[in-house]
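Listing of model.txt; format and content: compact mmCIF, C-alpha atoms and all ligand atoms.
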```
# COMPACT_ATOMS: atom_id res chain seq x y z
CA MET A 86 31.68 5.70 0.23
CA LEU A 87 28.51 3.73 0.75
CA ALA A 88 28.40 -0.05 0.12
CA VAL A 89 25.05 -0.76 -1.51
CA ARG A 90 23.93 -4.39 -1.67
CA ILE A 91 21.17 -4.87 -4.20
CA ARG A 92 19.16 -8.04 -4.63
CA ARG A 93 19.27 -9.09 -8.25
CA GLY A 94 18.63 -12.83 -7.89
CA GLU A 95 17.47 -15.58 -5.56
CA GLY A 96 19.13 -16.70 -2.31
CA PRO A 97 22.13 -15.42 -0.35
CA GLN A 98 24.24 -15.25 -3.51
CA GLY A 99 21.65 -13.07 -5.27
CA PHE A 100 23.12 -9.73 -4.11
CA GLN A 101 25.45 -7.45 -6.06
CA THR A 102 27.38 -4.76 -4.20
CA PHE A 103 28.12 -1.28 -5.57
CA ALA A 104 30.21 1.54 -4.08
CA VAL A 105 28.51 4.93 -4.23
CA PRO A 106 29.88 8.27 -2.92
CA ARG A 107 28.04 9.77 0.06
CA ARG A 108 26.47 13.13 -0.78
CA ALA A 109 24.63 15.73 1.26
CA ASN A 110 20.87 15.11 1.55
CA GLN A 111 21.13 12.02 -0.67
CA THR A 112 18.00 9.89 -0.86
CA VAL A 113 17.91 6.14 -1.38
CA LEU A 114 16.36 6.78 -4.79
CA ASP A 115 19.30 9.07 -5.64
CA VAL A 116 21.67 6.20 -4.83
CA VAL A 117 19.84 3.71 -7.06
CA THR A 118 19.65 6.27 -9.88
CA GLU A 119 23.38 6.99 -9.60
CA ILE A 120 24.20 3.29 -9.81
CA GLN A 121 22.00 2.83 -12.86
CA ARG A 122 23.38 5.89 -14.64
CA ASP A 123 27.09 5.49 -13.83
CA GLN A 124 27.71 1.82 -13.11
CA ASP A 125 25.09 -0.56 -14.48
CA PRO A 126 22.41 0.58 -16.93
CA THR A 127 20.73 -2.85 -16.71
CA LEU A 128 19.65 -2.25 -13.09
CA SER A 129 15.86 -2.20 -13.02
CA TYR A 130 13.77 -0.07 -10.63
CA ARG A 131 10.73 2.20 -10.82
CA PHE A 132 10.02 5.82 -9.96
CA ALA A 133 8.20 8.78 -11.44
CA CYS A 134 7.61 11.88 -9.31
CA ARG A 135 10.54 11.85 -6.82
CA VAL A 136 8.42 13.87 -4.37
CA GLY A 137 6.19 11.35 -2.61
CA MET A 138 3.16 11.67 -4.86
CA CYS A 139 3.10 8.83 -7.39
CA GLY A 140 3.70 5.85 -5.09
CA SER A 141 5.93 3.99 -7.56
CA CYS A 142 9.36 3.98 -5.83
CA GLY A 143 8.67 1.50 -3.01
CA MET A 144 11.51 -0.88 -2.11
CA THR A 145 12.71 -2.82 0.91
CA VAL A 146 15.47 -0.79 2.54
CA ASN A 147 17.49 -2.62 5.20
CA GLY A 148 14.56 -5.00 5.67
CA ARG A 149 11.83 -2.36 5.88
CA PRO A 150 9.40 -1.31 3.12
CA ARG A 151 9.69 2.40 2.30
CA TRP A 152 9.25 5.07 -0.33
CA THR A 153 12.81 5.57 -1.53
CA CYS A 154 12.35 9.11 -2.87
CA ARG A 155 11.50 10.42 0.59
CA THR A 156 13.98 8.30 2.53
CA ARG A 157 17.33 9.94 3.16
CA VAL A 158 20.39 7.72 3.31
CA ALA A 159 21.44 9.39 6.57
CA GLN A 160 18.18 8.15 8.16
CA VAL A 161 18.63 4.50 7.27
CA ALA A 162 22.25 3.62 6.47
CA GLU A 163 23.66 1.04 8.86
CA GLY A 164 27.24 2.24 9.21
CA GLU A 165 28.25 2.83 5.61
CA SER A 166 26.02 0.18 4.08
CA LEU A 167 22.58 -0.13 2.61
CA THR A 168 20.72 -3.27 1.52
CA LEU A 169 18.00 -2.86 -1.11
CA GLU A 170 15.46 -5.48 -2.13
CA PRO A 171 12.16 -5.40 -4.01
CA LEU A 172 8.90 -4.93 -2.09
CA ARG A 173 7.73 -8.11 -0.37
CA ASN A 174 4.48 -9.94 -1.25
CA LEU A 175 4.58 -9.03 -4.95
CA PRO A 176 6.09 -10.92 -7.92
CA VAL A 177 9.49 -9.58 -8.97
CA VAL A 178 9.75 -8.46 -12.57
CA LYS A 179 13.50 -7.71 -12.41
CA ASP A 180 15.88 -6.52 -9.68
CA LEU A 181 13.96 -3.88 -7.65
CA THR A 182 10.89 -3.74 -9.90
CA VAL A 183 7.77 -5.61 -8.79
CA ASP A 184 4.58 -6.43 -10.63
CA MET A 185 1.80 -4.37 -8.98
CA GLU A 186 -0.96 -6.21 -10.83
CA PRO A 187 -2.07 -8.46 -7.89
CA PHE A 188 -2.20 -5.37 -5.66
CA PHE A 189 -4.51 -3.48 -8.03
CA THR A 190 -6.62 -6.55 -8.79
CA LYS A 191 -7.43 -6.65 -5.09
CA TRP A 192 -8.61 -3.03 -5.15
CA ARG A 193 -11.09 -4.11 -7.83
CA ASP A 194 -12.04 -7.27 -5.87
CA ALA A 195 -12.72 -5.14 -2.77
CA HIS A 196 -15.00 -2.86 -4.88
CA GLY A 197 -12.52 -0.05 -4.29
CA TYR A 198 -14.16 2.09 -6.96
CA PHE A 199 -17.02 4.57 -6.82
CA GLU A 200 -20.40 3.09 -7.83
CA PRO A 201 -22.79 5.84 -8.95
CA GLY A 202 -25.81 3.51 -9.39
CA GLU A 203 -27.94 3.10 -12.48
CA THR A 204 -29.42 6.56 -12.36
CA PRO A 205 -26.74 8.89 -11.00
CA ALA A 206 -27.93 12.30 -9.83
CA ASP A 207 -27.89 15.04 -12.48
CA ASP A 208 -26.08 17.36 -10.12
CA PHE A 209 -23.15 16.82 -7.76
CA ALA A 210 -24.32 15.70 -4.32
CA THR A 211 -23.42 18.03 -1.48
CA VAL A 212 -21.21 16.38 1.14
CA LEU A 213 -20.67 18.55 4.18
CA PRO A 214 -16.97 18.65 5.18
CA ASP A 215 -17.76 18.31 8.87
CA SER A 216 -20.20 15.39 8.56
CA ALA A 217 -19.19 12.22 10.45
CA GLU A 218 -19.04 10.20 7.24
CA ARG A 219 -16.85 12.75 5.47
CA GLN A 220 -14.46 12.79 8.44
CA GLU A 221 -14.17 8.98 8.24
CA VAL A 222 -13.36 9.29 4.53
CA ASP A 223 -10.80 12.02 5.21
CA ALA A 224 -8.82 9.72 7.48
CA GLY A 225 -8.05 7.30 4.64
CA ILE A 226 -8.41 9.15 1.38
CA GLU A 227 -4.81 10.30 0.89
CA CYS A 228 -3.59 6.82 -0.08
CA ILE A 229 -1.39 6.92 -3.18
CA ASN A 230 -1.32 3.15 -3.87
CA CYS A 231 2.37 2.70 -3.10
CA GLY A 232 2.03 -0.86 -1.77
CA VAL A 233 4.28 -0.22 1.25
CA CYS A 234 1.58 -1.38 3.69
CA TYR A 235 0.87 -4.41 1.52
CA ALA A 236 4.55 -5.38 1.64
CA ALA A 237 4.55 -4.93 5.43
CA CYS A 238 1.56 -7.21 6.05
CA ASP A 239 2.35 -10.74 7.26
CA VAL A 240 -1.20 -11.92 6.59
CA VAL A 241 -0.68 -11.21 2.87
CA SER A 242 2.48 -13.37 3.08
CA TRP A 243 0.60 -16.22 4.76
CA ASN A 244 -2.54 -15.93 2.62
CA PRO A 245 -1.86 -14.50 -0.85
CA ASP A 246 -5.62 -14.16 -1.43
CA TYR A 247 -6.01 -11.70 1.47
CA LEU A 248 -7.22 -8.38 0.04
CA GLY A 249 -4.67 -6.47 2.12
CA PRO A 250 -4.62 -3.15 3.94
CA ALA A 251 -4.68 -0.73 1.01
CA ALA A 252 -7.66 -2.25 -0.83
CA LEU A 253 -9.60 -2.56 2.43
CA ASN A 254 -8.72 0.99 3.45
CA ARG A 255 -10.05 2.18 0.08
CA ALA A 256 -13.24 0.12 0.53
CA TRP A 257 -13.78 1.79 3.91
CA THR A 258 -13.54 5.29 2.41
CA LEU A 259 -16.24 4.26 -0.07
CA VAL A 260 -18.45 2.65 2.59
CA ASN A 261 -18.53 6.13 4.11
CA ASP A 262 -19.23 7.89 0.81
CA VAL A 263 -22.90 8.88 1.08
CA ARG A 264 -23.16 9.23 -2.73
CA ASP A 265 -22.11 5.64 -3.45
CA ARG A 266 -24.78 3.10 -4.47
CA GLY A 267 -22.75 -0.12 -4.31
CA GLN A 268 -22.62 -0.73 -0.57
CA ALA A 269 -24.30 -4.16 -0.38
CA GLU A 270 -21.95 -5.60 -3.01
CA ARG A 271 -18.90 -3.91 -1.44
CA LEU A 272 -19.69 -5.20 2.06
CA ALA A 273 -20.21 -8.69 0.63
CA ALA A 274 -16.88 -8.45 -1.23
CA VAL A 275 -14.92 -7.50 1.89
CA SER A 276 -16.64 -10.13 4.12
CA THR A 277 -15.17 -13.18 2.39
CA ASP A 278 -12.47 -15.38 3.96
CA ALA A 279 -9.90 -13.19 2.18
CA GLY A 280 -11.49 -9.97 3.45
CA CYS A 281 -11.44 -7.77 6.54
CA HIS A 282 -12.03 -10.59 9.04
CA ALA A 283 -8.69 -12.16 8.07
CA CYS A 284 -6.82 -9.11 9.43
CA HIS A 285 -4.95 -9.82 12.68
CA SER A 286 -4.89 -6.13 13.65
CA HIS A 287 -1.16 -6.21 14.31
CA MET A 288 -0.74 -2.67 12.94
CA SER A 289 2.26 -3.29 10.71
CA CYS A 290 0.50 -1.53 7.80
CA THR A 291 -0.26 1.47 9.98
CA GLU A 292 3.30 1.64 11.33
CA HIS A 293 4.80 1.63 7.83
CA CYS A 294 2.39 3.82 5.81
CA PRO A 295 4.45 6.82 4.67
CA LYS A 296 1.31 8.94 4.45
CA GLY A 297 0.48 8.32 8.09
CA LEU A 298 -2.77 6.53 7.26
CA ALA A 299 -4.20 3.85 9.53
CA PRO A 300 -5.54 0.94 7.47
CA THR A 301 -5.88 -1.09 10.68
CA PHE A 302 -8.62 1.26 11.91
CA ALA A 303 -10.29 1.32 8.49
CA ILE A 304 -10.37 -2.49 8.58
CA ALA A 305 -11.81 -2.40 12.10
CA GLY A 306 -14.56 -0.15 10.70
CA LEU A 307 -15.25 -2.70 7.96
CA LYS A 308 -15.44 -5.48 10.53
CA ARG A 309 -18.10 -3.52 12.45
CA GLU A 310 -20.05 -2.59 9.32
CA THR A 311 -20.03 -6.12 7.84
CA ALA A 312 -21.24 -7.48 11.20
CA ARG A 313 -24.09 -4.92 11.21
CA ALA A 314 -25.02 -5.87 7.64
CA ALA A 315 -25.11 -9.56 8.62
CA LEU A 316 -27.36 -8.71 11.59
CA ARG A 317 -29.71 -6.74 9.33
CA ARG A 318 -29.96 -9.71 6.94
CA PHE A 319 -30.63 -12.06 9.87
CA ARG A 320 -33.42 -9.80 11.23
CA ARG A 321 -35.08 -9.56 7.80
CA LYS A 322 -35.18 -13.37 7.61
CA ALA A 323 -36.45 -13.84 11.21
S1 LIG B 401 -2.28 3.01 2.79
FE1 LIG B 401 -0.29 4.10 2.88
S2 LIG B 401 1.24 2.51 2.59
FE2 LIG B 401 -0.70 1.66 1.92
S3 LIG B 401 -0.77 1.98 -0.28
FE3 LIG B 401 -1.81 3.73 0.69
S4 LIG B 401 -0.23 5.30 0.99
FE4 LIG B 401 0.84 3.38 0.55
S1 LIG B 402 -3.35 -4.73 10.73
FE1 LIG B 402 -4.27 -6.21 9.30
S2 LIG B 402 -3.88 -5.37 7.26
FE2 LIG B 402 -2.53 -4.25 8.69
S3 LIG B 402 -0.57 -5.36 8.59
FE3 LIG B 402 -1.76 -6.26 10.27
S4 LIG B 402 -2.92 -7.99 9.38
FE4 LIG B 402 -2.14 -6.70 7.68
S1 LIG B 403 8.97 8.54 -6.93
FE1 LIG B 403 6.87 9.06 -6.67
S2 LIG B 403 6.48 8.54 -4.57
FE2 LIG B 403 8.63 8.18 -4.83
```
As structure tokens - that is how I would like this structure written.
Ligand code: SF4
Ligand code: SF4
Ligand code: FES
Amino acid sequence: MLAVRIRRGEGPQGFQTFAVPRRANQTVLDVVTEIQRDQDPTLSYRFACRVGMCGSCGMTVNGRPRWTCRTRVAQVAEGESLTLEPLRNLPVVKDLTVDMEPFFTKWRDAHGYFEPGETPADDFATVLPDSAERQEVDAGIECINCGVCYAACDVVSWNPDYLGPAALNRAWTLVNDVRDRGQAERLAAVSTDAGCHACHSHMSCTEHCPKGLAPTFAIAGLKRETARAALRRFRRKA
């Protein structure tokens, strides 16, 4: 049997422990689902796809943020025990369910959306797959908004206004999108005190991203590009 401690309230007393049978190839999400179905239907958690596509099943597993649908118990169980908590840096709705609203608000604040301009082209623009810009975009485009990197980032914990690795990674893919017409506003949005320059480059986001993306390098790209934009503005004034 597996002893599963689940955070359901504040402080050291806020854990409830459940006993769950070990099964072959069991994932952490399987364990939570089994508890909810067989032992406590009031247990709250979130998932949708179960195959690493939707990004909704993130939780803290033995102190580390992870997708639970792609995390096997055998990989992470410490002896015969597992400790599950909600993702860090986000408000808890109930038990293991967090409110993702602040995370998505920051995508909007970082201009993490395509801006076609006032007169978008009638036809689709051709973007060559081997162009340098397209390759930069490729490196970050597979993000599925799971919030694991956001939960892993200490700067978000220290400064709740910090836009965070996922929103900044998204902004970087758009900075390299040659069809986009919102670059000046986007670079201004990511240059604020809560933007890319607040990143300490300590790589925690990159170490934890289950898709193998590297927000740290995307943020480094934004730091370079915002510095270039500032230099261009300075030269125009001089
Ligand atoms: S960058 Fe990775 S960890 Fe962060 S939200 Fe996207 S997929 Fe999840
Ligand atoms: S590299 Fe930057 S964004 Fe990533 S975890 Fe560290 S401070 Fe956060
Ligand atoms: S349930 Fe969709 S990524 Fe885990």
Got a sec to check which residues lie within 6 Å of ligand LIG 402 (chain B), using all atoms listed in the file, and send them as an mmCIF file with C-alpha atoms, keeping the file's coordinate frame?
```cif
data_model
loop_
_atom_site.group_PDB
_atom_site.id
_atom_site.type_symbol
_atom_site.label_atom_id
_atom_site.label_comp_id
_atom_site.auth_asym_id
_atom_site.auth_seq_id
_atom_site.Cartn_x
_atom_site.Cartn_y
_atom_site.Cartn_z
ATOM 1 C CA CYS A 238 1.560 -7.210 6.050
ATOM 2 C CA VAL A 240 -1.200 -11.920 6.590
ATOM 3 C CA GLY A 249 -4.670 -6.470 2.120
ATOM 4 C CA PRO A 250 -4.620 -3.150 3.940
ATOM 5 C CA CYS A 284 -6.820 -9.110 9.430
ATOM 6 C CA HIS A 285 -4.950 -9.820 12.680
ATOM 7 C CA SER A 286 -4.890 -6.130 13.650
ATOM 8 C CA HIS A 287 -1.160 -6.210 14.310
ATOM 9 C CA MET A 288 -0.740 -2.670 12.940
ATOM 10 C CA SER A 289 2.260 -3.290 10.710
ATOM 11 C CA CYS A 290 0.500 -1.530 7.800
ATOM 12 C CA THR A 301 -5.880 -1.090 10.680
#
```
- Query: Neighbours of Pro300 (chain A) within 10 Å (all atoms listed in the file; same-chain residues fewer than 5 positions away dropped), as number ranges by chain?
  - Reply: A: 224-225, 228, 234, 249-255, 257, 286, 288-292, 294, 305-306
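Considering the residues A:Ala236, A:Leu272, A:Val116, A:Val89 and counting all atoms listed in the file, Arg173 (chain A) has its shortest atom-to-atom contact with A:Ala236.
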* Would you work out the distance separating CA of Asp239 (chain A) from CA of Val158 (chain A), expressed in Å to one decimal? =>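 These atoms are spaced 26.1 Å apart.
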Atom S1 of ligand LIG 403 (chain B) to CA of Thr127 (chain A): how many Å, to one decimal?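 Going from atom S1 of ligand LIG 403 (chain B) over to CA of Thr127 (chain A), I get 19.1 Å.
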Show me the residues around (10.2, -0.5, -11.9) - criterion: an atom at most 7 Å away, only C-alpha atoms counted - as a list in words.
Ser129, Tyr130, Arg131, Phe132, Leu181, Thr182 and Val183 of chain A
As JSON, numbers by chain, please: the residues near Cys142 (chain A) (cut-off 9 Å, all atoms listed in the file, same-chain neighbours under 5 positions excluded).
{"A": [114, 130, 131, 132, 133, 134, 135, 137, 151, 152, 153, 154, 182, 231]}
query: Pick from A:Pro187, A:Gly267, A:Pro295, A:Gly96: nearest to Pro245 (chain A), with all atoms listed in the file counted?
result: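 Residue with the minimum atom-to-atom distance to Pro245 (chain A): A:Pro187.
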query: What is the distance between atom S2 of ligand LIG 403 (chain B) and CA of Leu87 (chain A), in Å to one decimal?
result: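 Taking atom S2 of ligand LIG 403 (chain B) as the start and CA of Leu87 (chain A) as the end point, the length is 23.2 Å.
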For this session: Go through A:Tyr235, A:Pro205, A:Lys296, A:Met86 one by one, measure the shortest atom-to-atom distance of each to ligand LIG 403 (chain B) using all atoms listed in the file, and give the residue with the smallest value.
Result: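 The answer is A:Lys296, which sits nearest to ligand LIG 403 (chain B).
Using only C-alpha atoms and all ligand atoms, the nearest neighbour of ligand LIG 401 (chain B) within the list A:Asp208, A:Glu221, A:Asp180, A:Glu227 is A:Glu227.
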Between A:Ile226, A:Cys281, A:Leu316, A:Leu259, smallest distance to ligand LIG 401 (chain B) by only C-alpha atoms and all ligand atoms belongs to A:Ile226
Extending 8 Å beyond the listed atoms of ligand LIG 401 (chain B) on each side, what axis-aligned box results? I want centre and edge lengths in Å to one decimal, as AutoDock Vina command-line options.
```
--center_x -0.5 --center_y 3.5 --center_z 1.3 --size_x 19.5 --size_y 19.6 --size_z 19.2
```
